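Participant: Have a look at the structure that comes next, please.
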Amino acid sequence: MTHTNDPLDTTGQQSKGAHAKRDRAGKGEHSHESRSRSGKGLHRRKFLGGMAGVGFAAVGAATGTYALLTDGNTFKASAADTALNIPDLLEGTTADGTTTFTLTAKTGTAEVISGVTSTTAGYNGSLLGPTMKWTNGSTVLLNITNSLGADTSVHFHGAHIPPKMDGGPQNAFADGETWSPTFEIKDEAKTLWYHPHALGTTAEQVVHGLAGMIIVEDDSDASAALPSEYGVDDIPLILQCLAVDTSGDIKYNIAGYLTSGLTYPVLCNGTNVDATTLGFTATKKRTRFRVLNASPSDILTIQRGDGGTLTQVATDQGYLTEATEVTSIRLVAGARAEFVLDLEAAVTLQTVVTTGWIRGGSGTYDFLTVTPDASDTPDDLPSSLNTITRYDTADFAARTITLGQSGQLMTINGSAGTTMDSMATIMTTLDAEEIWTITNSTQLEHSFHLHDVPFQLIEINGEEPTGVDLGWFDTYEVVGGGSIKIAMKFTDFTDDTYMYMLHCHLLQHEDEGMMAALMVMDS
Ligand code: C2O
Ligand code: CU
């Protein structure tokens, strides 16, 4: 078996070493409210005392200091023995054309590793958050209360909304306060997510559990044809690879990652799948899965255990032009994809963890066995799901974005964005059409994320994109020493005070300064 622990090895080789099995007995179930009180005080102090500040950017230099997954036990039995946890669907209340959702960010406890209680955080619960459904063309209002004991913000990752409502660092709000953004849903059908985005504390808050999914629905033919019954044939899969010490403390910065004796649980909807393959019984022959990589850093590749194909229907920013058979889906931190399975027999889904960065190794996890119990016959998928007009970038304004490193800070265009004042600011105007060359001058892996508008990939390391890379994205991998070219158009929203962000979605890098601001002004 092989493990990769060389952080410089960012080219994405995947080794399929047996993963570590840590605790056969535990089921990784969440603990509930009864336990959250004692955890609260503890975690409150932790949040208060733990303002991340500036950590060490030079994680790459730490080669060899990570605890490797050396126990190398054989694969667990793939028989499903714990049911997949499905995050609740958050019911909104609709009046006068506005749907109101209520969320509280709070601390709690959960068994992130089996048999050990971790202090965690969640929206309306102890870990993760409920799924929201937004409908294209409707208006939403969110009343979000901060009960974390520290500043937070809530960013709607991938949503095309005004900068003042975007939930970036300028929207941070204090413990005890309620933030109430409201906006029209201009996005078409896609899978978004929400998570904190205050300066310097994003990694800490996300890894403790502050993350939830948003499903945007629309009235397109593709949406009508695809499965859409939440929790029945439309299934969220929130995957996270974390770093946890033996006492259950979840790590989020360099000091934490260099602690000895760490384990690296992979969670699916909050349940550790190290020693457990989750089970889901599909009561419809065709099941749609929405996968979110909510990990702080690692790349997760989704595949079938039997080597078969997944029918991918969407990338980050909505439907592909047509359903596309793929053998794997590679998701960099922050990215999403949707696929369907037409099930004749049980299928086990695997995730392959790569980059060996936080996790300190690679491995393959059987995380979910989907067993059909259905007798229906789904219609063929429509031959066309979406029309994507490729940008003709001949007249697009060119810009260069350089992802760099300066000592212990991470930079964009030479500036470490650890404060609003220090970050690089990109100024553009409404309806500007731009082509950005994003160059990674480090040897580390980065996950480039742009707020506000979707982008098309024009080039990936000098090559023209093909296949699913012809879809719409908001988050994309930039390998060490590599580059991507992306094209976008800054439609609809301007603001001379509030800014969008562009940053690395490896959360530690973001907190260490790999973040810049984007200001869209009236032309
Ligand atoms: Cu998912 Cu700027 O973030
Ligand atoms: Cu990065």
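Residues in the structure tokens are named by chain (A, B, ... in the order shown) and by number from 1 within that chain; ligands are numbered from 1 in the order shown.
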What do you get as number ranges by chain if you pick all residues at most 10 Å from ligand 1, counting only C-alpha atoms and all ligand atoms?
Facilitator: A: 154-158, 166-169, 192-198, 202, 206, 211, 294, 333-335, 448-452, 474-475, 500-507, 510, 515-516
Participant: Taking only region 219-441 of chain A into account, list the residues labelled strand (DSSP E or B) by DSSP (computed from the backbone), as number ranges by chain.
Facilitator: A: 230, 234-241, 244, 250, 263, 266-268, 271-272, 278-282, 286-293, 299-304, 310-315, 318-326, 328-331, 336-342, 347-354, 363-372, 397-406, 409-412, 415, 425-429, 433-440
Participant: Kindly give the distance, in Å, that separates CA of Gly122 (chain A) and CA of Gln205 (chain A), rounded to a single decimal.
Facilitator: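 Computed distance, CA of Gly122 (chain A) to CA of Gln205 (chain A), equals 9.1 Å.
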Participant: Using only C-alpha atoms and all ligand atoms, which residues of the polymer chains come no farther than 12 Å from ligand 2? I'd like the answer as a ChimeraX atom specification.
Facilitator: /A:7,10,57-60,296-299,332-334,355,357-358,402-405,409-412,439-449,475-480,502-515
Participant: Find the residues around Pro465 (chain A) up to 12 Å (only C-alpha atoms counted), leave out those fewer than 4 positions away in its own chain, and share them as a list in words.
Facilitator: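 Near Pro465 (chain A), the qualifying residues are Arg390, Gln456, Leu457, Ile458, Glu459, Ile460, Asn461, Asp469, Leu470, Gly471, Trp472, Ile484, Lys485 and Ile486 of chain A.
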Participant: Store the residues picked out above, limited to N, CA, C and O atoms, as a compact mmCIF listing (two decimals), in the first residue's frame.
Facilitator:
# COMPACT_ATOMS: atom_id res chain seq x y z
N ARG A 390 -20.42 29.07 -25.05
CA ARG A 390 -19.03 29.31 -24.65
C ARG A 390 -18.67 30.76 -24.93
O ARG A 390 -18.99 31.30 -25.98
N GLN A 456 -16.30 30.22 -16.81
CA GLN A 456 -15.98 29.10 -17.70
C GLN A 456 -14.47 28.91 -17.69
O GLN A 456 -13.72 29.89 -17.60
N LEU A 457 -14.07 27.66 -17.78
CA LEU A 457 -12.64 27.37 -17.92
C LEU A 457 -12.26 27.52 -19.38
O LEU A 457 -12.91 26.97 -20.27
N ILE A 458 -11.23 28.29 -19.62
CA ILE A 458 -10.75 28.51 -20.99
C ILE A 458 -9.49 27.68 -21.23
O ILE A 458 -9.28 27.16 -22.33
N GLU A 459 -8.69 27.53 -20.20
CA GLU A 459 -7.47 26.73 -20.30
C GLU A 459 -7.15 26.16 -18.93
O GLU A 459 -7.36 26.81 -17.91
N ILE A 460 -6.65 24.93 -18.92
CA ILE A 460 -6.21 24.29 -17.67
C ILE A 460 -4.78 23.85 -17.91
O ILE A 460 -4.54 22.95 -18.71
N ASN A 461 -3.85 24.49 -17.27
CA ASN A 461 -2.43 24.18 -17.47
C ASN A 461 -2.08 24.13 -18.96
O ASN A 461 -1.41 23.21 -19.43
N ASP A 469 -15.46 19.67 -17.80
CA ASP A 469 -14.79 20.97 -17.58
C ASP A 469 -15.34 22.06 -18.49
O ASP A 469 -14.96 23.23 -18.36
N LEU A 470 -16.26 21.69 -19.38
CA LEU A 470 -16.94 22.69 -20.20
C LEU A 470 -18.19 23.24 -19.50
O LEU A 470 -18.92 24.04 -20.06
N GLY A 471 -18.41 22.83 -18.27
CA GLY A 471 -19.53 23.35 -17.49
C GLY A 471 -19.18 24.67 -16.82
O GLY A 471 -18.15 25.28 -17.09
N TRP A 472 -20.09 25.11 -15.92
CA TRP A 472 -19.89 26.35 -15.17
C TRP A 472 -19.32 26.05 -13.80
O TRP A 472 -19.78 25.14 -13.13
N ILE A 484 -4.62 28.29 -14.55
CA ILE A 484 -5.87 28.15 -15.30
C ILE A 484 -6.24 29.51 -15.88
O ILE A 484 -5.82 30.55 -15.37
N LYS A 485 -6.97 29.47 -17.00
CA LYS A 485 -7.57 30.69 -17.53
C LYS A 485 -9.06 30.55 -17.41
O LYS A 485 -9.63 29.52 -17.82
N ILE A 486 -9.69 31.57 -16.86
CA ILE A 486 -11.13 31.53 -16.68
C ILE A 486 -11.75 32.81 -17.25
O ILE A 486 -11.09 33.85 -17.31
Participant: Between CA of Thr191 (chain A) and CA of Ala432 (chain A), what distance in Å does the model show, to one decimal?
Facilitator: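 Computed distance, CA of Thr191 (chain A) to CA of Ala432 (chain A), equals 25.6 Å.
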Participant: Would you list the contacts of Leu148 (chain A) as a PyMOL selection string, taking every protein, DNA or RNA residue within 7 Å and counting only C-alpha atoms, but skipping same-chain residues closer than 5 positions in sequence?
Facilitator: chain A and resi 44+105-107+175
Participant: Closest to Leu84 (chain A) among A:Pro236, A:Gly209, A:Pro130, A:Pro227, using only C-alpha atoms?
Facilitator: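 Using only C-alpha atoms, the shortest distance to Leu84 (chain A) belongs to A:Pro236.
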Participant: Mind giving me the straight-line distance from CA of Tyr264 (chain A) to CA of Arg304 (chain A) in Å, one decimal?
Facilitator: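 Between CA of Tyr264 (chain A) and CA of Arg304 (chain A) the gap is 21.9 Å.
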Participant: Choose the residue, out of A:Ile144, A:Leu331, A:Cys241, A:Met213, that has the smallest atom-to-atom separation from Val273 (chain A); count only C-alpha atoms.
Facilitator: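 The answer is A:Cys241, which sits nearest to Val273 (chain A).
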Participant: Please provide the set of residues having any atom within 12 Å of Ala222 (chain A), restricted to only C-alpha atoms, with same-chain residues fewer than 6 positions apart removed, written as a compact mmCIF listing (two decimals) with N, CA and C atoms, in the first residue's frame.
Facilitator:
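And here's around16.txt as it stands now:
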# COMPACT_ATOMS: atom_id res chain seq x y z
N GLU A 188 -29.93 29.75 -11.48
CA GLU A 188 -30.70 28.63 -11.99
C GLU A 188 -30.41 27.41 -11.10
N ALA A 189 -30.99 26.29 -11.45
CA ALA A 189 -30.83 25.09 -10.62
C ALA A 189 -29.36 24.76 -10.43
N LYS A 190 -28.97 24.57 -9.18
CA LYS A 190 -27.59 24.20 -8.88
C LYS A 190 -27.50 23.85 -7.40
N SER A 228 -35.89 14.81 -7.65
CA SER A 228 -35.85 16.03 -6.84
C SER A 228 -36.56 15.90 -5.50
N VAL A 313 -24.40 15.17 -14.00
CA VAL A 313 -25.36 16.09 -14.62
C VAL A 313 -25.05 17.56 -14.34
N ALA A 314 -24.24 17.82 -13.30
CA ALA A 314 -23.96 19.23 -12.97
C ALA A 314 -22.58 19.38 -12.37
N GLY A 318 -24.27 24.46 -11.93
CA GLY A 318 -25.46 24.04 -12.65
C GLY A 318 -25.23 22.96 -13.68
N TYR A 319 -26.27 22.75 -14.47
CA TYR A 319 -26.30 21.59 -15.36
C TYR A 319 -25.25 21.67 -16.46
N LEU A 320 -24.72 20.52 -16.77
CA LEU A 320 -23.91 20.34 -17.97
C LEU A 320 -24.83 20.41 -19.19
N THR A 321 -24.26 20.54 -20.36
CA THR A 321 -25.09 20.54 -21.56
C THR A 321 -25.79 19.20 -21.73
N GLU A 322 -25.10 18.13 -21.30
CA GLU A 322 -25.73 16.81 -21.37
C GLU A 322 -25.19 15.92 -20.27
N ALA A 323 -26.00 14.96 -19.89
CA ALA A 323 -25.55 13.99 -18.89
C ALA A 323 -24.30 13.30 -19.43
N ASP A 380 -35.89 7.90 -19.94
CA ASP A 380 -34.54 8.29 -20.34
C ASP A 380 -34.30 9.74 -19.93
N LEU A 381 -33.08 10.05 -19.57
CA LEU A 381 -32.75 11.44 -19.29
C LEU A 381 -32.86 12.24 -20.59
N PRO A 382 -33.25 13.52 -20.50
CA PRO A 382 -33.31 14.31 -21.73
C PRO A 382 -31.93 14.37 -22.40
N SER A 383 -31.92 14.42 -23.72
CA SER A 383 -30.63 14.40 -24.41
C SER A 383 -29.87 15.70 -24.16
N SER A 384 -30.59 16.77 -23.89
CA SER A 384 -29.94 18.03 -23.57
C SER A 384 -30.42 18.50 -22.20
N LEU A 385 -29.49 18.85 -21.33
CA LEU A 385 -29.88 19.36 -20.01
C LEU A 385 -29.82 20.88 -19.96
N ASN A 386 -28.93 21.47 -20.75
CA ASN A 386 -28.66 22.89 -20.60
C ASN A 386 -28.02 23.39 -21.88
N THR A 387 -28.13 24.69 -22.09
CA THR A 387 -27.41 25.32 -23.19
C THR A 387 -26.32 26.18 -22.57
Participant: Determine, counting only C-alpha atoms, which protein, DNA and RNA residues have an atom within 7 Å of an atom of Gly129 (chain A); residues of the same chain fewer than 2 positions away are not included. Present the result as a PyMOL selection string.
Facilitator: chain A and resi 87+122-125+127+131+210-212
